[in-house]
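Have a look at input.cif below; it lists mmCIF, N, CA and C atoms and all ligand atoms.
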data_protein
loop_
_atom_site.label_atom_id
_atom_site.label_comp_id
_atom_site.auth_asym_id
_atom_site.auth_seq_id
_atom_site.Cartn_x
_atom_site.Cartn_y
_atom_site.Cartn_z
N MET A 1 16.11 -5.78 3.46
CA MET A 1 15.18 -6.57 4.27
C MET A 1 14.54 -7.67 3.43
N ASN A 2 14.42 -8.86 4.01
CA ASN A 2 13.71 -9.92 3.29
C ASN A 2 12.20 -9.76 3.50
N GLU A 3 11.43 -10.63 2.83
CA GLU A 3 9.98 -10.43 2.84
C GLU A 3 9.37 -10.55 4.25
N LEU A 4 9.89 -11.50 5.03
CA LEU A 4 9.37 -11.66 6.40
C LEU A 4 9.62 -10.41 7.24
N GLU A 5 10.81 -9.82 7.07
CA GLU A 5 11.13 -8.59 7.81
C GLU A 5 10.25 -7.44 7.36
N LEU A 6 9.97 -7.38 6.06
CA LEU A 6 9.10 -6.31 5.54
C LEU A 6 7.69 -6.46 6.11
N ILE A 7 7.22 -7.70 6.21
CA ILE A 7 5.88 -7.94 6.77
C ILE A 7 5.86 -7.55 8.24
N GLU A 8 6.92 -7.87 8.97
CA GLU A 8 7.00 -7.47 10.38
C GLU A 8 6.96 -5.95 10.52
N LEU A 9 7.67 -5.26 9.62
CA LEU A 9 7.68 -3.79 9.65
C LEU A 9 6.27 -3.26 9.36
N ALA A 10 5.59 -3.87 8.41
CA ALA A 10 4.21 -3.43 8.08
C ALA A 10 3.27 -3.68 9.25
N LYS A 11 3.49 -4.78 9.98
CA LYS A 11 2.67 -5.05 11.17
C LYS A 11 2.90 -3.96 12.22
N MET A 12 4.18 -3.55 12.38
CA MET A 12 4.50 -2.52 13.36
C MET A 12 3.82 -1.21 13.04
N VAL A 13 3.91 -0.81 11.78
CA VAL A 13 3.31 0.48 11.42
C VAL A 13 1.79 0.39 11.44
N ARG A 14 1.26 -0.80 11.21
CA ARG A 14 -0.20 -0.99 11.31
C ARG A 14 -0.70 -0.61 12.71
N ASN A 15 0.13 -0.85 13.72
CA ASN A 15 -0.27 -0.51 15.09
C ASN A 15 -0.44 0.99 15.28
N ARG A 16 0.13 1.78 14.39
CA ARG A 16 -0.01 3.24 14.50
C ARG A 16 -1.20 3.76 13.71
N ALA A 17 -1.95 2.87 13.09
CA ALA A 17 -3.12 3.32 12.32
C ALA A 17 -4.06 4.08 13.23
N PHE A 18 -4.65 5.14 12.68
CA PHE A 18 -5.65 5.90 13.43
C PHE A 18 -6.98 5.57 12.76
N ALA A 19 -7.67 4.57 13.31
CA ALA A 19 -8.89 4.06 12.66
C ALA A 19 -10.03 3.88 13.67
N PRO A 20 -10.38 4.98 14.40
CA PRO A 20 -11.41 4.84 15.45
C PRO A 20 -12.81 4.64 14.88
N PHE A 21 -13.02 4.94 13.59
CA PHE A 21 -14.37 4.85 13.03
C PHE A 21 -14.63 3.49 12.41
N SER A 22 -13.66 2.96 11.71
CA SER A 22 -13.85 1.64 11.08
C SER A 22 -13.27 0.52 11.94
N ASN A 23 -12.32 0.86 12.80
CA ASN A 23 -11.56 -0.17 13.53
C ASN A 23 -10.84 -1.14 12.60
N PHE A 24 -10.62 -0.72 11.37
CA PHE A 24 -9.91 -1.56 10.40
C PHE A 24 -8.53 -0.94 10.18
N LYS A 25 -7.52 -1.58 10.79
CA LYS A 25 -6.17 -1.02 10.73
C LYS A 25 -5.38 -1.64 9.58
N VAL A 26 -4.65 -0.79 8.88
CA VAL A 26 -3.86 -1.24 7.73
C VAL A 26 -2.43 -0.71 7.87
N GLY A 27 -1.47 -1.57 7.58
CA GLY A 27 -0.06 -1.15 7.56
C GLY A 27 0.52 -1.40 6.18
N ALA A 28 1.33 -0.47 5.71
CA ALA A 28 1.94 -0.64 4.37
C ALA A 28 3.42 -0.31 4.43
N VAL A 29 4.19 -1.01 3.62
CA VAL A 29 5.61 -0.69 3.45
C VAL A 29 5.90 -0.66 1.96
N LEU A 30 6.41 0.48 1.51
CA LEU A 30 6.79 0.64 0.10
C LEU A 30 8.31 0.53 0.01
N VAL A 31 8.79 -0.32 -0.88
CA VAL A 31 10.23 -0.56 -1.03
C VAL A 31 10.71 0.11 -2.31
N THR A 32 11.78 0.90 -2.21
CA THR A 32 12.32 1.57 -3.40
C THR A 32 13.23 0.58 -4.16
N SER A 33 13.59 0.96 -5.38
CA SER A 33 14.45 0.09 -6.19
C SER A 33 15.82 -0.11 -5.55
N ASP A 34 16.24 0.87 -4.73
CA ASP A 34 17.51 0.67 -4.02
C ASP A 34 17.28 0.25 -2.56
N ASN A 35 16.12 -0.39 -2.36
CA ASN A 35 15.84 -1.09 -1.08
C ASN A 35 15.68 -0.22 0.15
N LYS A 36 15.27 1.04 -0.05
CA LYS A 36 14.86 1.84 1.10
C LYS A 36 13.39 1.52 1.37
N THR A 37 12.95 1.72 2.60
CA THR A 37 11.56 1.43 2.94
C THR A 37 10.85 2.69 3.44
N TYR A 38 9.60 2.82 3.03
CA TYR A 38 8.73 3.90 3.49
C TYR A 38 7.46 3.26 4.03
N THR A 39 7.11 3.63 5.27
CA THR A 39 5.95 3.01 5.90
C THR A 39 4.73 3.93 5.83
N GLY A 40 3.55 3.33 5.96
CA GLY A 40 2.31 4.11 6.04
C GLY A 40 1.25 3.32 6.78
N CYS A 41 0.35 4.07 7.43
CA CYS A 41 -0.82 3.44 8.05
C CYS A 41 -2.03 4.29 7.67
N ASN A 42 -3.23 3.71 7.79
CA ASN A 42 -4.41 4.51 7.46
C ASN A 42 -4.71 5.52 8.56
N ILE A 43 -5.15 6.68 8.15
CA ILE A 43 -5.46 7.77 9.07
C ILE A 43 -6.86 8.27 8.74
N GLU A 44 -7.78 8.03 9.67
CA GLU A 44 -9.18 8.38 9.42
C GLU A 44 -9.50 9.77 9.94
N SER A 45 -10.47 10.39 9.27
CA SER A 45 -10.98 11.71 9.66
C SER A 45 -12.42 11.56 10.13
N ALA A 46 -12.82 12.44 11.06
CA ALA A 46 -14.22 12.48 11.51
C ALA A 46 -15.12 12.84 10.32
N SER A 47 -14.55 13.53 9.34
CA SER A 47 -15.23 13.75 8.06
C SER A 47 -14.76 12.59 7.17
N TYR A 48 -15.50 11.48 7.23
CA TYR A 48 -15.01 10.17 6.77
C TYR A 48 -14.28 10.19 5.42
N GLY A 49 -14.80 10.99 4.49
CA GLY A 49 -14.24 10.98 3.13
C GLY A 49 -12.82 11.52 3.05
N LEU A 50 -12.36 12.15 4.12
CA LEU A 50 -10.99 12.69 4.10
C LEU A 50 -9.96 11.67 4.57
N THR A 51 -10.44 10.49 4.96
CA THR A 51 -9.55 9.39 5.38
C THR A 51 -8.52 9.09 4.29
N VAL A 52 -7.30 8.78 4.73
CA VAL A 52 -6.26 8.39 3.76
C VAL A 52 -5.83 6.95 4.06
N CYS A 53 -5.73 6.17 3.01
CA CYS A 53 -5.32 4.76 3.14
C CYS A 53 -3.82 4.65 3.43
N ALA A 54 -3.46 3.54 4.06
CA ALA A 54 -2.07 3.26 4.40
C ALA A 54 -1.15 3.31 3.17
N GLU A 55 -1.62 2.74 2.07
CA GLU A 55 -0.79 2.65 0.87
C GLU A 55 -0.42 4.05 0.37
N ARG A 56 -1.44 4.94 0.36
CA ARG A 56 -1.15 6.28 -0.16
C ARG A 56 -0.29 7.09 0.80
N VAL A 57 -0.43 6.86 2.11
CA VAL A 57 0.46 7.55 3.05
C VAL A 57 1.91 7.17 2.75
N ALA A 58 2.16 5.88 2.55
CA ALA A 58 3.54 5.42 2.26
C ALA A 58 4.03 6.02 0.94
N ILE A 59 3.16 6.06 -0.06
CA ILE A 59 3.58 6.60 -1.37
C ILE A 59 3.86 8.09 -1.27
N TRP A 60 2.99 8.83 -0.58
CA TRP A 60 3.22 10.29 -0.48
C TRP A 60 4.51 10.58 0.29
N LYS A 61 4.79 9.78 1.31
CA LYS A 61 6.03 9.98 2.07
C LYS A 61 7.24 9.77 1.17
N ALA A 62 7.21 8.71 0.38
CA ALA A 62 8.35 8.39 -0.49
C ALA A 62 8.53 9.47 -1.57
N LEU A 63 7.41 9.84 -2.21
CA LEU A 63 7.52 10.84 -3.29
C LEU A 63 7.99 12.17 -2.74
N SER A 64 7.52 12.54 -1.56
CA SER A 64 7.91 13.84 -1.00
C SER A 64 9.36 13.82 -0.53
N ASP A 65 9.94 12.64 -0.41
CA ASP A 65 11.36 12.51 -0.08
C ASP A 65 12.21 12.44 -1.35
N GLY A 66 11.57 12.53 -2.51
CA GLY A 66 12.31 12.54 -3.78
C GLY A 66 12.47 11.19 -4.44
N GLU A 67 11.84 10.16 -3.88
CA GLU A 67 11.95 8.81 -4.48
C GLU A 67 11.06 8.73 -5.72
N ASN A 68 11.52 7.96 -6.72
CA ASN A 68 10.68 7.82 -7.90
C ASN A 68 10.78 6.45 -8.56
N SER A 69 11.38 5.49 -7.87
CA SER A 69 11.50 4.16 -8.46
C SER A 69 11.29 3.11 -7.35
N PHE A 70 10.33 2.23 -7.60
CA PHE A 70 9.89 1.32 -6.54
C PHE A 70 9.85 -0.12 -7.03
N SER A 71 9.98 -1.06 -6.08
CA SER A 71 9.97 -2.47 -6.47
C SER A 71 8.81 -3.25 -5.86
N LYS A 72 8.37 -2.85 -4.68
CA LYS A 72 7.44 -3.72 -3.96
C LYS A 72 6.62 -2.94 -2.95
N LEU A 73 5.39 -3.39 -2.74
CA LEU A 73 4.53 -2.81 -1.69
C LEU A 73 3.96 -3.94 -0.85
N ILE A 74 4.12 -3.84 0.46
CA ILE A 74 3.58 -4.83 1.39
C ILE A 74 2.35 -4.21 2.06
N VAL A 75 1.28 -4.95 2.18
CA VAL A 75 0.07 -4.44 2.85
C VAL A 75 -0.38 -5.49 3.87
N VAL A 76 -0.49 -5.07 5.14
CA VAL A 76 -0.90 -6.00 6.20
C VAL A 76 -2.24 -5.58 6.79
N THR A 77 -3.15 -6.56 6.89
CA THR A 77 -4.47 -6.34 7.51
C THR A 77 -4.76 -7.53 8.42
N ASP A 78 -5.70 -7.34 9.33
CA ASP A 78 -6.05 -8.40 10.28
C ASP A 78 -7.34 -9.09 9.84
N VAL A 79 -7.26 -9.78 8.73
CA VAL A 79 -8.43 -10.53 8.22
C VAL A 79 -7.93 -11.87 7.69
N GLU A 80 -8.82 -12.84 7.67
CA GLU A 80 -8.43 -14.19 7.24
C GLU A 80 -7.84 -14.17 5.82
N ASN A 81 -8.55 -13.46 4.93
CA ASN A 81 -8.12 -13.37 3.54
C ASN A 81 -7.42 -12.02 3.36
N PRO A 82 -6.08 -11.97 3.26
CA PRO A 82 -5.35 -10.68 3.26
C PRO A 82 -5.97 -9.70 2.26
N ALA A 83 -6.29 -8.48 2.75
CA ALA A 83 -7.07 -7.54 1.94
C ALA A 83 -6.20 -6.82 0.91
N PRO A 84 -6.71 -6.67 -0.31
CA PRO A 84 -5.98 -5.96 -1.36
C PRO A 84 -6.22 -4.45 -1.27
N PRO A 85 -5.39 -3.65 -1.97
CA PRO A 85 -5.58 -2.19 -1.99
C PRO A 85 -6.94 -1.82 -2.60
N CYS A 86 -7.54 -0.74 -2.11
CA CYS A 86 -8.81 -0.26 -2.67
C CYS A 86 -8.59 0.27 -4.09
N GLY A 87 -9.68 0.56 -4.76
CA GLY A 87 -9.59 1.03 -6.16
C GLY A 87 -8.82 2.32 -6.31
N ALA A 88 -9.04 3.27 -5.39
CA ALA A 88 -8.33 4.55 -5.47
C ALA A 88 -6.83 4.32 -5.33
N CYS A 89 -6.44 3.47 -4.38
CA CYS A 89 -5.01 3.19 -4.19
C CYS A 89 -4.42 2.47 -5.41
N ARG A 90 -5.20 1.57 -6.02
CA ARG A 90 -4.68 0.87 -7.21
C ARG A 90 -4.29 1.87 -8.29
N GLN A 91 -5.13 2.89 -8.49
CA GLN A 91 -4.82 3.91 -9.49
C GLN A 91 -3.52 4.64 -9.14
N ILE A 92 -3.40 5.03 -7.87
CA ILE A 92 -2.21 5.79 -7.45
C ILE A 92 -0.96 4.91 -7.49
N ILE A 93 -1.09 3.66 -7.06
CA ILE A 93 0.07 2.75 -7.10
C ILE A 93 0.53 2.61 -8.56
N TRP A 94 -0.43 2.39 -9.46
CA TRP A 94 -0.08 2.23 -10.87
C TRP A 94 0.62 3.48 -11.39
N GLU A 95 0.05 4.66 -11.11
CA GLU A 95 0.61 5.90 -11.67
C GLU A 95 2.00 6.20 -11.14
N PHE A 96 2.24 5.95 -9.86
CA PHE A 96 3.51 6.39 -9.27
C PHE A 96 4.52 5.26 -9.09
N CYS A 97 4.06 4.02 -9.12
CA CYS A 97 4.98 2.91 -8.86
C CYS A 97 5.05 1.93 -10.03
N GLY A 98 4.06 1.98 -10.95
CA GLY A 98 4.07 1.08 -12.10
C GLY A 98 3.75 -0.36 -11.71
N ASN A 99 4.31 -1.28 -12.49
CA ASN A 99 3.95 -2.70 -12.33
C ASN A 99 4.78 -3.39 -11.23
N ILE A 100 4.71 -2.86 -10.03
CA ILE A 100 5.50 -3.41 -8.91
C ILE A 100 4.84 -4.68 -8.36
N SER A 101 5.57 -5.37 -7.50
CA SER A 101 5.01 -6.53 -6.80
C SER A 101 4.19 -6.04 -5.61
N ILE A 102 3.05 -6.67 -5.40
CA ILE A 102 2.19 -6.34 -4.27
C ILE A 102 2.10 -7.59 -3.40
N VAL A 103 2.52 -7.48 -2.15
CA VAL A 103 2.45 -8.62 -1.23
C VAL A 103 1.44 -8.29 -0.14
N LEU A 104 0.39 -9.10 -0.05
CA LEU A 104 -0.65 -8.91 0.97
C LEU A 104 -0.41 -9.94 2.06
N SER A 105 -0.55 -9.51 3.31
CA SER A 105 -0.37 -10.48 4.40
C SER A 105 -1.39 -10.20 5.50
N ASN A 106 -1.79 -11.24 6.21
CA ASN A 106 -2.55 -11.01 7.45
C ASN A 106 -1.60 -11.17 8.64
N LEU A 107 -2.13 -11.04 9.84
CA LEU A 107 -1.26 -11.06 11.03
C LEU A 107 -0.66 -12.43 11.29
N ASN A 108 -1.29 -13.47 10.73
CA ASN A 108 -0.76 -14.83 10.91
C ASN A 108 0.27 -15.19 9.87
N GLY A 109 0.57 -14.25 8.98
CA GLY A 109 1.58 -14.52 7.97
C GLY A 109 1.06 -15.21 6.72
N LYS A 110 -0.29 -15.29 6.59
CA LYS A 110 -0.83 -15.82 5.33
C LYS A 110 -0.64 -14.74 4.27
N THR A 111 0.00 -15.09 3.17
CA THR A 111 0.31 -14.07 2.15
C THR A 111 -0.28 -14.43 0.80
N LYS A 112 -0.45 -13.37 0.00
CA LYS A 112 -0.84 -13.51 -1.41
C LYS A 112 -0.04 -12.48 -2.18
N SER A 113 0.51 -12.88 -3.32
CA SER A 113 1.33 -11.93 -4.09
C SER A 113 0.76 -11.72 -5.48
N PHE A 114 0.89 -10.49 -5.95
CA PHE A 114 0.39 -10.10 -7.27
C PHE A 114 1.40 -9.17 -7.93
N LYS A 115 1.30 -9.01 -9.23
CA LYS A 115 1.91 -7.87 -9.90
C LYS A 115 0.79 -6.83 -10.02
N MET A 116 1.19 -5.57 -9.97
CA MET A 116 0.18 -4.50 -9.97
C MET A 116 -0.78 -4.60 -11.15
N LYS A 117 -0.25 -5.02 -12.32
CA LYS A 117 -1.10 -5.09 -13.52
C LYS A 117 -2.24 -6.10 -13.36
N GLU A 118 -2.01 -7.12 -12.54
CA GLU A 118 -3.10 -8.09 -12.29
C GLU A 118 -4.22 -7.44 -11.49
N LEU A 119 -3.84 -6.50 -10.61
CA LEU A 119 -4.85 -5.84 -9.76
C LEU A 119 -5.53 -4.68 -10.47
N LEU A 120 -4.88 -4.18 -11.53
CA LEU A 120 -5.48 -3.06 -12.27
C LEU A 120 -5.26 -3.26 -13.77
N PRO A 121 -6.02 -4.21 -14.35
CA PRO A 121 -5.87 -4.43 -15.79
C PRO A 121 -6.46 -3.25 -16.57
N ASN A 122 -5.90 -2.99 -17.73
CA ASN A 122 -6.39 -1.91 -18.60
C ASN A 122 -6.49 -0.57 -17.85
N PRO A 123 -5.35 -0.12 -17.28
CA PRO A 123 -5.39 1.07 -16.44
C PRO A 123 -5.51 2.38 -17.22
N PHE A 124 -6.06 3.39 -16.57
CA PHE A 124 -6.01 4.75 -17.11
C PHE A 124 -4.68 5.36 -16.70
N GLY A 125 -4.03 6.04 -17.66
CA GLY A 125 -2.75 6.68 -17.33
C GLY A 125 -2.58 7.95 -18.13
N LYS A 126 -1.42 8.59 -17.93
CA LYS A 126 -1.19 9.90 -18.53
C LYS A 126 -1.17 9.87 -20.06
N GLU A 127 -0.92 8.67 -20.63
CA GLU A 127 -0.86 8.58 -22.10
C GLU A 127 -2.18 9.00 -22.75
N PHE A 128 -3.29 8.84 -22.01
CA PHE A 128 -4.59 9.23 -22.58
C PHE A 128 -4.76 10.75 -22.61
N LEU A 129 -3.92 11.45 -21.90
CA LEU A 129 -4.04 12.91 -21.82
C LEU A 129 -3.18 13.61 -22.85
N GLU A 130 -2.37 12.81 -23.61
CA GLU A 130 -1.42 13.43 -24.55
C GLU A 130 -2.09 13.83 -25.85
N1 LIG B 201 -7.97 1.22 3.94
C1 LIG B 201 -6.63 1.28 3.68
O1 LIG B 201 -5.86 1.84 4.45
N2 LIG B 201 -6.19 0.70 2.54
C2 LIG B 201 -6.99 0.08 1.63
O2 LIG B 201 -6.55 -0.24 0.53
C3 LIG B 201 -8.37 -0.25 2.00
C4 LIG B 201 -8.95 0.61 3.06
C5 LIG B 201 -8.45 1.86 5.17
C6 LIG B 201 -9.30 3.08 4.94
C7 LIG B 201 -10.15 3.11 6.17
O3 LIG B 201 -9.44 3.77 7.21
C8 LIG B 201 -10.30 1.64 6.57
O4 LIG B 201 -9.28 0.94 5.88
C9 LIG B 201 -11.65 1.04 6.21
O5 LIG B 201 -11.98 1.27 4.89
#

What do you get writing this file as structure tokens?
Ligand code: THU
Amino acid sequence: MNELELIELAKMVRNRAFAPFSNFKVGAVLVTSDNKTYTGCNIESASYGLTVCAERVAIWKALSDGENSFSKLIVVTDVENPAPPCGACRQIIWEFCGNISIVLSNLNGKTKSFKMKELLPNPFGKEFLE
């Protein structure tokens, strides 16, 4: 899939977001190194802190399917300035996906692209635990 198709897929999965408390819907598509796609949307809980972000839903789906090598993550939100992943997701993206490309888009197709290291400079990782 090219980038426009990936953004369309992220828009589609964004429609499945369960966000009755914030009304802020997020769609994510994680692309593996061999070009498979895993989608995710945010799923909110009435116990707000149990909410899971779209990015982590996509990552957990991919990891639980046995995937371990990724190239790109697309995140779609309905805001003028395409929203970046939250801090918790940045940590998880770094740990499980490494320095992948992050493409942010809004519904009008305005995009911004980053490498993960730009979004999480000086990251904490497993090397500190050795
Ligand atoms: N959210 C995501 O899905 N991804 C992010 O990186 C930022 C926040 C969700 C969580 C919650 O359901 C809603 O957006 C508002 O914070």

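Taking all atoms listed in the file into account, the protein and nucleic acid residues that come at most 5 Å from ligand LIG 201 (chain B) are Phe24, Val26, Asn42, Cys53, Ala54, Glu55, Pro84, Pro85 and Cys86 of chain A.
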
Just want the 7 Å neighbourhood of region 108-123 of chain A, counted on all atoms listed in the file, with same-chain residues fewer than 3 positions away dropped. Output as a short mmCIF file (atom, residue, chain, number, x, y, z; two decimals) with N, CA and C atoms, in the frame of the given file.
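Saved to selection.cif:
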data_model
loop_
_atom_site.label_atom_id
_atom_site.label_comp_id
_atom_site.auth_asym_id
_atom_site.auth_seq_id
_atom_site.Cartn_x
_atom_site.Cartn_y
_atom_site.Cartn_z
N ASP A 78 -5.70 -7.34 9.33
CA ASP A 78 -6.05 -8.40 10.28
C ASP A 78 -7.34 -9.09 9.84
N PRO A 82 -6.08 -11.97 3.26
CA PRO A 82 -5.35 -10.68 3.26
C PRO A 82 -5.97 -9.70 2.26
N ARG A 90 -5.20 1.57 -6.02
CA ARG A 90 -4.68 0.87 -7.21
C ARG A 90 -4.29 1.87 -8.29
N TRP A 94 -0.43 2.39 -9.46
CA TRP A 94 -0.08 2.23 -10.87
C TRP A 94 0.62 3.48 -11.39
N GLY A 98 4.06 1.98 -10.95
CA GLY A 98 4.07 1.08 -12.10
C GLY A 98 3.75 -0.36 -11.71
N ASN A 99 4.31 -1.28 -12.49
CA ASN A 99 3.95 -2.70 -12.33
C ASN A 99 4.78 -3.39 -11.23
N ILE A 100 4.71 -2.86 -10.03
CA ILE A 100 5.50 -3.41 -8.91
C ILE A 100 4.84 -4.68 -8.36
N SER A 101 5.57 -5.37 -7.50
CA SER A 101 5.01 -6.53 -6.80
C SER A 101 4.19 -6.04 -5.61
N ILE A 102 3.05 -6.67 -5.40
CA ILE A 102 2.19 -6.34 -4.27
C ILE A 102 2.10 -7.59 -3.40
N VAL A 103 2.52 -7.48 -2.15
CA VAL A 103 2.45 -8.62 -1.23
C VAL A 103 1.44 -8.29 -0.14
N LEU A 104 0.39 -9.10 -0.05
CA LEU A 104 -0.65 -8.91 0.97
C LEU A 104 -0.41 -9.94 2.06
N SER A 105 -0.55 -9.51 3.31
CA SER A 105 -0.37 -10.48 4.40
C SER A 105 -1.39 -10.20 5.50
#

How big is the axis-aligned box around the listed atoms of region 104-119 of chain A once 5 Å is added on each side, and where is its centre? Give both in Å to one decimal, as JSON.
{"center_x": -1.8, "center_y": -10.2, "center_z": -1.1, "size_x": 17.4, "size_y": 21.3, "size_z": 34.8}

Closest atom pairs, region 35-59 of chain A residues within 9 Å of region 7-10 of chain A, only C-alpha atoms, as CSV:
residue,atom,partner,partner_atom,distance
A:Thr39,CA,A:Ala10,CA,7.0
A:Gly40,CA,A:Ala10,CA,8.0
A:Cys41,CA,A:Ala10,CA,8.5

Writing out the chosen residues with N, CA and C atoms as a PDB file, keeping the file's coordinate frame:
ATOM      1  N   THR A  39       7.110   3.630   5.270  1.00  0.00           N
ATOM      2  CA  THR A  39       5.950   3.010   5.900  1.00  0.00           C
ATOM      3  C   THR A  39       4.730   3.930   5.830  1.00  0.00           C
ATOM      4  N   GLY A  40       3.550   3.330   5.960  1.00  0.00           N
ATOM      5  CA  GLY A  40       2.310   4.110   6.040  1.00  0.00           C
ATOM      6  C   GLY A  40       1.250   3.320   6.780  1.00  0.00           C
ATOM      7  N   CYS A  41       0.350   4.070   7.430  1.00  0.00           N
ATOM      8  CA  CYS A  41      -0.820   3.440   8.050  1.00  0.00           C
ATOM      9  C   CYS A  41      -2.030   4.290   7.670  1.00  0.00           C
TER      10      CYS A  41
END

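Here CA of Thr77 (chain A) is placed at a distance of 8.1 Å from CA of Lys11 (chain A).
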
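Candidate residues A:Asn35, A:Ser45, A:Thr51, A:Asn81 were compared for distance to Glu67 (chain A), and the nearest is A:Asn35, using only C-alpha atoms.
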
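Here atom N of Phe70 (chain A) and CA of Cys97 (chain A) stand 5.5 Å from one another.
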
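Taking atom C of Val29 (chain A) and atom N of Leu129 (chain A) as the two end points, the separation is 28.5 Å.
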
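Residues within 8 Å of Thr37 (chain A), counting all atoms listed in the file and excluding same-chain residues fewer than 5 positions away, are Val29, Leu30, Val31, Thr32, Ala58 and Ala62 of chain A.
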
Next on the checklist: DSSP on the backbone: which residues in chain A end up as alpha helix (DSSP H)? Give the answer as JSON, numbers by chain.
Outcome noted: {"A": [3, 4, 5, 6, 7, 8, 9, 10, 11, 12, 13, 14, 54, 55, 56, 57, 58, 59, 60, 61, 62, 63, 64, 87, 88, 89, 90, 91, 92, 93, 94, 95, 96, 97, 116, 117, 118, 119]}
